[in-house]
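Here the structure is laid out as structure tokens; the discussion comes afterwards.
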Amino acid sequence: MIDVHKHFGGVRALNGVSLALERGRIYGLIGPNGSGKTTLFNCVTGIEGAEGGRVLLDGERIDGLRPWQIARRGVGRTFQVIRVFPELTALENLLVVTTGPHEAARTRARELLGFVKLEALADEYAGNLSYGQQKLVEFVRMLMRDPALILLDEPAAGVNRTLLNDLLDAVRRLRDEGKTVLLVEHDMKVVMGLCEHVFVLDHGEKIAEGPPGVIQSDERVIEAYFGR
Amino acid sequence: MRRLAPAALAAAILALAVYPILGTGYGTRSVLQVFMWIALAGSWNIISGLTGYVSFGHVAFFGAGAYTAGILIASVGWSWPAAALAGGGAAALLALGIGGPCLRLKGPYFAIAMLGLNEVLRALVSYFERLTGGGNGLSLPTLDATVPVYYAMGLTAAAVTLGARLIIGSRFGLRLMTIREDEVAAEAMGIPTFRHKLVAFLLSAIGPGIAGALTARDQGYIEPLSVFPLATTITMIVMTLFGGKGTVWGPVLGAVVLFVAQELVWARYPYVHPLLFGAIIVGVVLAMPRGVLGLLQTKYRLPRTI
């Protein structure tokens with residue numbers, strides 16, 4: 001489903017990484033810093049153009065499309081560094097994403113803010129919210145389009161335990177609704193506890209994949225993380 | 001406040017509508033100037049205040065409208081109201097043509113490209129002498145139309161402000177703001193940012209085009225230096241920043257306050273007035289980057305459509 005190449009100047013950021021994802025499962029994407037995880041996300045969402053390979057969503061090619069077209073095909077994402085719209089309110093952050101009738105959008109946006117217990121802060125500027133709250137706004141904003149494929153870039157980073165558990169429950173619920181989740185995460189507890197299948201990247205190449213238990217004891221993975 | 005505002009607005013419109021009948025000629029010309037600045041600042045606000053794409057050559061649309069109308073009136077014999085609409089149309093077409101390449105540029109590069117566009121237009125107008133009169137300028141047939149132009153300019157200012165109100169109160173307006181806030185995130189959320197920028201740019205060109213055409217008719221004579229001055233762009237920027245970029249009434253407030261201030265200072269200390277403008281820019285940017293209304297808006301949680 002995903003098979004991409006990408007290089008920056010002479011640096012090969014992604015060298016033919018192929019990932020096959022099945023609907024309704026949670027996947028993890030791990031690897032040392034600079035291994036190409038975020039670049040892979042950017043290639044899939046069209047923010048960076050891939051220089052080879054293909055990205056298929058339900059058998060249709062989405063590589064080469066503009067980011068907004070890919071989003072409308074059902075790919076939602078969050079960012080490693082939070083990217084809410086700070087001078088828009090929490091509610092407006094969600095409203096802008098939709099194109100449907102105004103009332104329906106408003107109802108859905110309020111529902112989603114309730115889903116992450118932020119309804120009381122709906123009219124607060126997103127920039128005034130705490131880090132964790134902004135992370136939740138970004139998370140539900142991505143859900144406004146009801147994406148089939150959800151890409152989460154370090155959802156656990158900087159989030160306290162209670163909030164994190166809520167977030168992970170939310171991800172599981174989305175999976176149960178039939179959505180596919182691919183997440184980049186450095187917190188191994190989160191990866192091992194949540195993901196059903198893990199891909200490991202190193203220097204722009206996939207060096208291993210499999211169930212979390214197997215990955216944990218894979219020699220190449222241990223070597224990539226800790227050196228020989 | 002909520003009930004008072006529409007009444008105050010109605011009273012202001014009524015007063016402005018009867019003003020040319022009761023007021024002095026000087027007063028009428030001054031209010032006409034204020035209308036022009038409201039139309040210019042309000043239009044600049046649509047592209048730059050909302051999307052954050054700072055146009056440093058917005059006077060190009062003013063000049064394009066002025067020359068379109070000037071040529072249609074002087075050489076083709078059009079009536080000035082028709083020529084004014086054509087001026088707005090020409091500016092919109094120009095925006096459509098240059099928006100394609102220019103709006104793909106980010107940040108300062110867009111600002112510089114717009115600055116360049118204005119210089120190019122001025123050079124072109126000077127070059128095509130047969131059509132435009134070149135550096136000698138273009139004279140329009142004599143006609144005292146100050147009062148009708150006053151109403152037309154007032155209508156233009158009102159239309160620009162109403163347009164801003166409708167845009168800022170809509171999801172389209174919010175989407176324009178997402179471009180200012182974080183263009184990459186906006187794209188990733190399914191917002192076709194380029195298309196949005198282009199529409200905003202086109203809308204922001206119409207008002208200056210019409211204002212330029214009306215000014216050409218009112219002054220009866222235009223030349224490249226008088227309709228493409230960088231100072232006009234800077235003035236509309238300062239007015240909008242002062243009043244509050246991204247707000248509906250900010251450009252109106254900025255146009256009124258700064259025009260009056262400028263007239264007072266200019267009359268008494270002609271040499272100080274550029275200095276005053278510079279001081280205002282620095283003061284506004286340092287003390288209240290959101291402008292007067294932006295500051296009130298965040299402090300008292302006023303609605304977005306103020």
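Ordering of the structure tokens sets the chain letters (A, B, ...), residue numbers begin anew at 1 in every chain, and ligands are numbered from 1 in the order given.
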
*as an MDAnalysis selection string, please: all residues of region 8-180 of chain A that backbone DSSP puts in alpha helix (DSSP H).*
chainID A and resid 37:44 67:72 90:95 102:115 131:143 161:176

Would you mind listing, for every residue of chain A within 10 Å of chain B, the two atoms forming the shortest contact and the distance between them in Å to one decimal, using only C-alpha atoms, sorted by chain and ascending residue number, as JSON lines?
{"residue": "A:Asn42", "atom": "CA", "partner": "B:Ala188", "partner_atom": "CA", "distance": 9.5}
{"residue": "A:Thr45", "atom": "CA", "partner": "B:Ala188", "partner_atom": "CA", "distance": 6.9}
{"residue": "A:Gly46", "atom": "CA", "partner": "B:Ala188", "partner_atom": "CA", "distance": 8.2}
{"residue": "A:Ile47", "atom": "CA", "partner": "B:Val184", "partner_atom": "CA", "distance": 7.4}
{"residue": "A:Arg66", "atom": "CA", "partner": "B:Glu187", "partner_atom": "CA", "distance": 8.1}
{"residue": "A:Pro67", "atom": "CA", "partner": "B:Ala188", "partner_atom": "CA", "distance": 5.4}
{"residue": "A:Trp68", "atom": "CA", "partner": "B:Gly190", "partner_atom": "CA", "distance": 3.7}
{"residue": "A:Gln69", "atom": "CA", "partner": "B:Gly190", "partner_atom": "CA", "distance": 6.3}
{"residue": "A:Ile70", "atom": "CA", "partner": "B:Gly190", "partner_atom": "CA", "distance": 7.3}
{"residue": "A:Ala71", "atom": "CA", "partner": "B:Gly190", "partner_atom": "CA", "distance": 4.7}
{"residue": "A:Arg72", "atom": "CA", "partner": "B:Gly190", "partner_atom": "CA", "distance": 5.5}
{"residue": "A:Arg73", "atom": "CA", "partner": "B:Gly190", "partner_atom": "CA", "distance": 8.9}
{"residue": "A:Gly74", "atom": "CA", "partner": "B:Gly190", "partner_atom": "CA", "distance": 9.3}
{"residue": "A:Val75", "atom": "CA", "partner": "B:Ala188", "partner_atom": "CA", "distance": 8.7}
{"residue": "A:Gly76", "atom": "CA", "partner": "B:Met189", "partner_atom": "CA", "distance": 7.0}
{"residue": "A:Arg77", "atom": "CA", "partner": "B:Ala188", "partner_atom": "CA", "distance": 7.3}
{"residue": "A:Thr78", "atom": "CA", "partner": "B:Ala185", "partner_atom": "CA", "distance": 8.8}
{"residue": "A:Phe79", "atom": "CA", "partner": "B:Ala185", "partner_atom": "CA", "distance": 8.4}
{"residue": "A:Ile82", "atom": "CA", "partner": "B:Ala185", "partner_atom": "CA", "distance": 9.6}
{"residue": "A:Arg83", "atom": "CA", "partner": "B:Ala185", "partner_atom": "CA", "distance": 6.2}
{"residue": "A:Val84", "atom": "CA", "partner": "B:Ala185", "partner_atom": "CA", "distance": 7.6}
{"residue": "A:Phe85", "atom": "CA", "partner": "B:Glu181", "partner_atom": "CA", "distance": 5.3}
{"residue": "A:Pro86", "atom": "CA", "partner": "B:Glu181", "partner_atom": "CA", "distance": 6.7}
{"residue": "A:Glu87", "atom": "CA", "partner": "B:Glu181", "partner_atom": "CA", "distance": 7.1}
{"residue": "A:Leu88", "atom": "CA", "partner": "B:Leu174", "partner_atom": "CA", "distance": 7.9}
{"residue": "A:Glu92", "atom": "CA", "partner": "B:Leu174", "partner_atom": "CA", "distance": 7.5}
{"residue": "A:Asn93", "atom": "CA", "partner": "B:Thr178", "partner_atom": "CA", "distance": 8.4}
{"residue": "A:Leu94", "atom": "CA", "partner": "B:Met189", "partner_atom": "CA", "distance": 9.7}
{"residue": "A:Leu95", "atom": "CA", "partner": "B:Arg171", "partner_atom": "CA", "distance": 7.4}
{"residue": "A:Val96", "atom": "CA", "partner": "B:Arg175", "partner_atom": "CA", "distance": 5.7}
{"residue": "A:Val97", "atom": "CA", "partner": "B:Met189", "partner_atom": "CA", "distance": 6.0}
{"residue": "A:Thr98", "atom": "CA", "partner": "B:Gly190", "partner_atom": "CA", "distance": 8.3}
{"residue": "A:Thr99", "atom": "CA", "partner": "B:Arg171", "partner_atom": "CA", "distance": 8.6}
{"residue": "A:His102", "atom": "CA", "partner": "B:Arg171", "partner_atom": "CA", "distance": 8.6}
{"residue": "A:Asp123", "atom": "CA", "partner": "B:Arg301", "partner_atom": "CA", "distance": 9.4}
{"residue": "A:Glu124", "atom": "CA", "partner": "B:Arg301", "partner_atom": "CA", "distance": 9.2}
{"residue": "A:Tyr125", "atom": "CA", "partner": "B:Thr298", "partner_atom": "CA", "distance": 9.1}
{"residue": "A:Glu138", "atom": "CA", "partner": "B:Ala185", "partner_atom": "CA", "distance": 9.8}
{"residue": "A:Arg141", "atom": "CA", "partner": "B:Met189", "partner_atom": "CA", "distance": 8.0}
{"residue": "A:Met142", "atom": "CA", "partner": "B:Met189", "partner_atom": "CA", "distance": 6.7}
{"residue": "A:Leu143", "atom": "CA", "partner": "B:Met189", "partner_atom": "CA", "distance": 9.6}
{"residue": "A:Met144", "atom": "CA", "partner": "B:Met189", "partner_atom": "CA", "distance": 8.9}
{"residue": "A:Arg145", "atom": "CA", "partner": "B:Met189", "partner_atom": "CA", "distance": 8.2}

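Comparing B:Gly49, B:Gly88, B:Gly137, B:Gly154 by their smallest distance to Ala12 (chain B), the closest is B:Gly154 (using only C-alpha atoms).
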
*asked:* Show me, as a ChimeraX atom specification, the residues that have an atom within 10 Å of region 220-222 of chain A when counting only C-alpha atoms, minus same-chain residues fewer than 5 positions from it.
replied: /A:30-32,200-202,207-209,215,227-228

Just-selected residues, C-alpha atoms written as a JSON list (two decimals), in the first residue's frame:
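File produced: out-v3.json:
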[["chain", "number", "residue", "atom", "x", "y", "z"],
["A", 30, "ILE", "CA", 9.49, 3.14, 14.96],
["A", 31, "GLY", "CA", 13.14, 3.87, 14.33],
["A", 32, "PRO", "CA", 15.96, 6.09, 15.57],
["A", 200, "VAL", "CA", 11.04, -0.48, 11.99],
["A", 201, "LEU", "CA", 12.91, 2.09, 9.90],
["A", 202, "ASP", "CA", 16.60, 2.84, 9.95],
["A", 207, "ILE", "CA", 14.81, -3.22, 8.61],
["A", 208, "ALA", "CA", 12.12, -5.26, 10.30],
["A", 209, "GLU", "CA", 8.39, -5.72, 10.77],
["A", 215, "ILE", "CA", 10.22, -6.92, 17.04],
["A", 227, "GLY", "CA", 24.53, 0.07, 18.32],
["A", 228, "ARG", "CA", 26.53, -3.08, 18.28]]

From a DSSP pass on the backbone, collect the residues of region 26-266 of chain B flagged as strand (DSSP E) and hand them back as a PDB file with N, CA and C atoms, in the first residue's frame.
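Output contents, as saved in states-v3.pdb:
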ATOM      1  N   LEU B 138      -2.264  61.391 -18.849  1.00  0.00           N
ATOM      2  CA  LEU B 138      -3.481  61.234 -19.634  1.00  0.00           C
ATOM      3  C   LEU B 138      -4.525  62.196 -19.077  1.00  0.00           C
ATOM      4  N   SER B 139      -5.038  63.073 -19.955  1.00  0.00           N
ATOM      5  CA  SER B 139      -6.066  64.012 -19.505  1.00  0.00           C
ATOM      6  C   SER B 139      -7.441  63.503 -19.886  1.00  0.00           C
ATOM      7  N   TYR B 221      -6.915  63.965 -14.455  1.00  0.00           N
ATOM      8  CA  TYR B 221      -5.589  63.820 -15.058  1.00  0.00           C
ATOM      9  C   TYR B 221      -4.822  62.746 -14.281  1.00  0.00           C
ATOM     10  N   ILE B 222      -4.240  61.798 -14.995  1.00  0.00           N
ATOM     11  CA  ILE B 222      -3.432  60.779 -14.313  1.00  0.00           C
ATOM     12  C   ILE B 222      -2.082  60.631 -14.998  1.00  0.00           C
TER      13      ILE B 222
END

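Restricting the calculation to only C-alpha atoms, the smallest distance between His203 (chain A) and any of A:Pro155, A:Pro147, A:Tyr225, A:Asp176 is found for A:Tyr225.
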
Per-residue nearest contacts of region 231-253 of chain B to region 106-115 of chain B (12 Å; only C-alpha atoms) as CSV:
residue,atom,partner,partner_atom,distance
B:Ala231,CA,B:Leu115,CA,11.5
B:Thr233,CA,B:Leu115,CA,9.4
B:Ile234,CA,B:Leu115,CA,11.0
